[in-house]
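K.L.:
This one is model20.cif, mmCIF, C-alpha atoms and all ligand atoms.
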data_coords
#
loop_
_atom_site.label_atom_id
_atom_site.label_comp_id
_atom_site.auth_asym_id
_atom_site.auth_seq_id
_atom_site.Cartn_x
_atom_site.Cartn_y
_atom_site.Cartn_z
CA MET N 1119 -7.88 -0.39 25.44
CA SER N 1120 -7.84 0.68 21.84
CA GLU N 1121 -5.98 -1.39 19.34
CA GLU N 1122 -3.87 0.66 16.99
CA ARG N 1123 -3.26 -0.70 13.57
CA LYS N 1124 0.35 -0.80 12.56
CA MET N 1125 0.80 1.08 9.31
CA TYR N 1126 3.82 0.86 7.09
CA PRO N 1127 4.91 3.84 5.01
CA MET N 1128 5.50 3.01 1.38
CA LYS N 1129 5.68 4.54 -2.06
CA CYS N 1130 3.22 3.41 -4.69
CA SER N 1131 4.98 1.45 -7.44
CA ASP N 1132 2.58 2.84 -10.01
CA CYS N 1133 1.95 6.53 -9.41
CA GLY N 1134 4.75 7.13 -6.90
CA THR N 1135 2.47 8.53 -4.22
CA ASP N 1136 3.64 8.25 -0.64
CA SER N 1137 1.09 6.20 1.26
CA GLU N 1138 0.65 3.72 4.08
CA VAL N 1139 -0.44 0.12 4.08
CA PRO N 1140 -1.68 -2.04 6.98
CA PHE N 1141 0.72 -4.81 6.01
CA GLU N 1142 4.46 -5.01 5.65
CA PRO N 1143 5.45 -4.27 2.04
CA LYS N 1144 7.57 -6.97 0.48
CA PRO N 1145 10.77 -5.65 -1.10
CA ASP N 1146 10.45 -8.06 -4.03
CA ARG N 1147 6.83 -7.14 -4.76
CA PRO N 1148 5.32 -3.88 -5.97
CA VAL N 1149 3.04 -2.04 -3.58
CA TYR N 1150 0.19 0.17 -4.68
CA CYS N 1151 -1.87 2.91 -3.10
CA LYS N 1152 -5.61 2.40 -2.77
CA GLU N 1153 -6.43 3.93 -6.13
CA CYS N 1154 -3.86 1.95 -8.06
CA LEU N 1155 -4.73 -1.20 -6.15
CA SER N 1156 -8.34 -1.05 -7.32
CA LYS N 1157 -7.07 -0.17 -10.77
CA HIS N 1158 -4.82 -3.22 -10.90
CA ARG N 1159 -7.46 -5.50 -9.43
CA SER N 1160 -10.23 -4.58 -11.81
CA LYS N 1161 -8.98 -6.51 -14.77
ZN ZN N 1201 -0.73 4.70 -6.81
#
For the structure just supplied, provide its representation as structure tokens.
P.N.:
Amino acid sequence: MSEERKMYPMKCSDCGTDSEVPFEPKPDRPVYCKECLSKHRSK
């Protein structure tokens, strides 16, 4: 049996790109695509 990862469609709060994340996006928190995520994390 192969385990499929549940992906949630979302829109990046920074660049507005449609993407998917492996966790449920919180409505009260911004979600970022991979590129913006690394951008926001490298501070
Ligand atoms: Zn982005």
K.L.:
Considering all atoms listed in the file, state which residue in the set N:Thr1135, N:Ser1160, N:Val1149, N:Phe1141 is at the smallest distance from Arg1123 in chain N.
P.N.:
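Looking only at the distances to Arg1123 in chain N, the closest residue turns out to be N:Phe1141.
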K.L.:
Residues at most 12 Å from ligand ZN 1201 (chain N), using only C-alpha atoms and all ligand atoms? Could they come as a list in words?
P.N.:
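Selection of residues at most 12 Å from ligand ZN 1201 (chain N): Met1128, Lys1129, Cys1130, Ser1131, Asp1132, Cys1133, Gly1134, Thr1135, Asp1136, Ser1137, Glu1138, Val1139, Pro1148, Val1149, Tyr1150, Cys1151, Lys1152, Glu1153, Cys1154, Leu1155, Ser1156, Lys1157 and His1158 of chain N.
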K.L.:
Next, dump the selected residues to file, keeping only C-alpha atoms, as an mmCIF file, in the frame of the given file.
P.N.:
data_model
loop_
_atom_site.group_PDB
_atom_site.id
_atom_site.type_symbol
_atom_site.label_atom_id
_atom_site.label_comp_id
_atom_site.auth_asym_id
_atom_site.auth_seq_id
_atom_site.Cartn_x
_atom_site.Cartn_y
_atom_site.Cartn_z
ATOM 1 C CA MET N 1128 5.500 3.010 1.380
ATOM 2 C CA LYS N 1129 5.680 4.540 -2.060
ATOM 3 C CA CYS N 1130 3.220 3.410 -4.690
ATOM 4 C CA SER N 1131 4.980 1.450 -7.440
ATOM 5 C CA ASP N 1132 2.580 2.840 -10.010
ATOM 6 C CA CYS N 1133 1.950 6.530 -9.410
ATOM 7 C CA GLY N 1134 4.750 7.130 -6.900
ATOM 8 C CA THR N 1135 2.470 8.530 -4.220
ATOM 9 C CA ASP N 1136 3.640 8.250 -0.640
ATOM 10 C CA SER N 1137 1.090 6.200 1.260
ATOM 11 C CA GLU N 1138 0.650 3.720 4.080
ATOM 12 C CA VAL N 1139 -0.440 0.120 4.080
ATOM 13 C CA PRO N 1148 5.320 -3.880 -5.970
ATOM 14 C CA VAL N 1149 3.040 -2.040 -3.580
ATOM 15 C CA TYR N 1150 0.190 0.170 -4.680
ATOM 16 C CA CYS N 1151 -1.870 2.910 -3.100
ATOM 17 C CA LYS N 1152 -5.610 2.400 -2.770
ATOM 18 C CA GLU N 1153 -6.430 3.930 -6.130
ATOM 19 C CA CYS N 1154 -3.860 1.950 -8.060
ATOM 20 C CA LEU N 1155 -4.730 -1.200 -6.150
ATOM 21 C CA SER N 1156 -8.340 -1.050 -7.320
ATOM 22 C CA LYS N 1157 -7.070 -0.170 -10.770
ATOM 23 C CA HIS N 1158 -4.820 -3.220 -10.900
#
K.L.:
Can you tell me, as AutoDock Vina command-line options, the centre and edge lengths (Å, one decimal) of the axis-aligned box enclosing all of range 1123-1130 of chain N's listed atoms after padding each side by 8 Å?
P.N.:
--center_x 1.2 --center_y 1.9 --center_z 4.4 --size_x 24.9 --size_y 21.3 --size_z 34.3
K.L.:
So which residues touch Pro1140 in chain N within 7 Å, counting only C-alpha atoms, skipping near sequence neighbours fewer than 4 positions away, as a short mmCIF file (atom, residue, chain, number, x, y, z; two decimals) with C-alpha atoms, in the coordinates of the input?
P.N.:
data_model
loop_
_atom_site.label_atom_id
_atom_site.label_comp_id
_atom_site.auth_asym_id
_atom_site.auth_seq_id
_atom_site.Cartn_x
_atom_site.Cartn_y
_atom_site.Cartn_z
CA ARG N 1123 -3.26 -0.70 13.57
CA LYS N 1124 0.35 -0.80 12.56
CA MET N 1125 0.80 1.08 9.31
CA TYR N 1126 3.82 0.86 7.09
#
K.L.:
Could I get range 1127-1150 of chain N from the block written as a short mmCIF file (atom, residue, chain, number, x, y, z; two decimals), in the first residue's frame, with N, CA and C atoms?
P.N.:
data_model
loop_
_atom_site.label_atom_id
_atom_site.label_comp_id
_atom_site.auth_asym_id
_atom_site.auth_seq_id
_atom_site.Cartn_x
_atom_site.Cartn_y
_atom_site.Cartn_z
N PRO N 1127 -4.50 22.86 -1.41
CA PRO N 1127 -4.26 23.98 -2.33
C PRO N 1127 -4.32 25.30 -1.58
N MET N 1128 -3.43 26.18 -1.92
CA MET N 1128 -3.41 27.49 -1.27
C MET N 1128 -2.82 28.52 -2.21
N LYS N 1129 -2.93 29.77 -1.83
CA LYS N 1129 -2.33 30.85 -2.61
C LYS N 1129 -1.30 31.54 -1.73
N CYS N 1130 -0.10 31.68 -2.25
CA CYS N 1130 0.98 32.28 -1.49
C CYS N 1130 0.62 33.71 -1.07
N SER N 1131 0.82 34.02 0.20
CA SER N 1131 0.47 35.34 0.72
C SER N 1131 1.46 36.40 0.27
N ASP N 1132 2.59 35.97 -0.26
CA ASP N 1132 3.61 36.92 -0.67
C ASP N 1132 3.54 37.20 -2.17
N CYS N 1133 3.77 36.18 -2.99
CA CYS N 1133 3.83 36.39 -4.43
C CYS N 1133 2.51 36.06 -5.13
N GLY N 1134 1.57 35.44 -4.40
CA GLY N 1134 0.27 35.17 -4.98
C GLY N 1134 0.22 33.95 -5.88
N THR N 1135 1.27 33.14 -5.84
CA THR N 1135 1.31 31.94 -6.66
C THR N 1135 0.42 30.85 -6.08
N ASP N 1136 -0.33 30.18 -6.96
CA ASP N 1136 -1.12 29.05 -6.51
C ASP N 1136 -0.18 27.87 -6.25
N SER N 1137 -0.28 27.29 -5.07
CA SER N 1137 0.60 26.19 -4.72
C SER N 1137 -0.13 25.20 -3.82
N GLU N 1138 0.61 24.21 -3.35
CA GLU N 1138 0.04 23.24 -2.43
C GLU N 1138 0.96 23.04 -1.25
N VAL N 1139 0.37 22.80 -0.09
CA VAL N 1139 1.18 22.56 1.09
C VAL N 1139 0.72 21.25 1.74
N PRO N 1140 1.64 20.54 2.39
CA PRO N 1140 1.31 19.26 3.02
C PRO N 1140 0.65 19.41 4.38
N PHE N 1141 0.25 20.63 4.71
CA PHE N 1141 -0.45 20.86 5.98
C PHE N 1141 -1.64 21.75 5.72
N GLU N 1142 -2.58 21.76 6.64
CA GLU N 1142 -3.76 22.57 6.43
C GLU N 1142 -3.46 24.03 6.73
N PRO N 1143 -3.61 24.91 5.74
CA PRO N 1143 -3.34 26.33 5.94
C PRO N 1143 -4.31 26.93 6.96
N LYS N 1144 -3.77 27.71 7.86
CA LYS N 1144 -4.61 28.37 8.85
C LYS N 1144 -5.13 29.68 8.26
N PRO N 1145 -6.44 29.93 8.40
CA PRO N 1145 -7.02 31.14 7.82
C PRO N 1145 -6.50 32.42 8.45
N ASP N 1146 -6.00 32.33 9.68
CA ASP N 1146 -5.53 33.54 10.36
C ASP N 1146 -4.02 33.69 10.24
N ARG N 1147 -3.39 32.83 9.42
CA ARG N 1147 -1.94 32.93 9.25
C ARG N 1147 -1.60 32.92 7.77
N PRO N 1148 -0.61 33.71 7.38
CA PRO N 1148 -0.20 33.72 5.97
C PRO N 1148 0.48 32.42 5.60
N VAL N 1149 0.25 31.98 4.36
CA VAL N 1149 0.94 30.79 3.87
C VAL N 1149 1.81 31.18 2.69
N TYR N 1150 2.96 30.56 2.60
CA TYR N 1150 3.91 30.90 1.55
C TYR N 1150 4.27 29.68 0.73
#
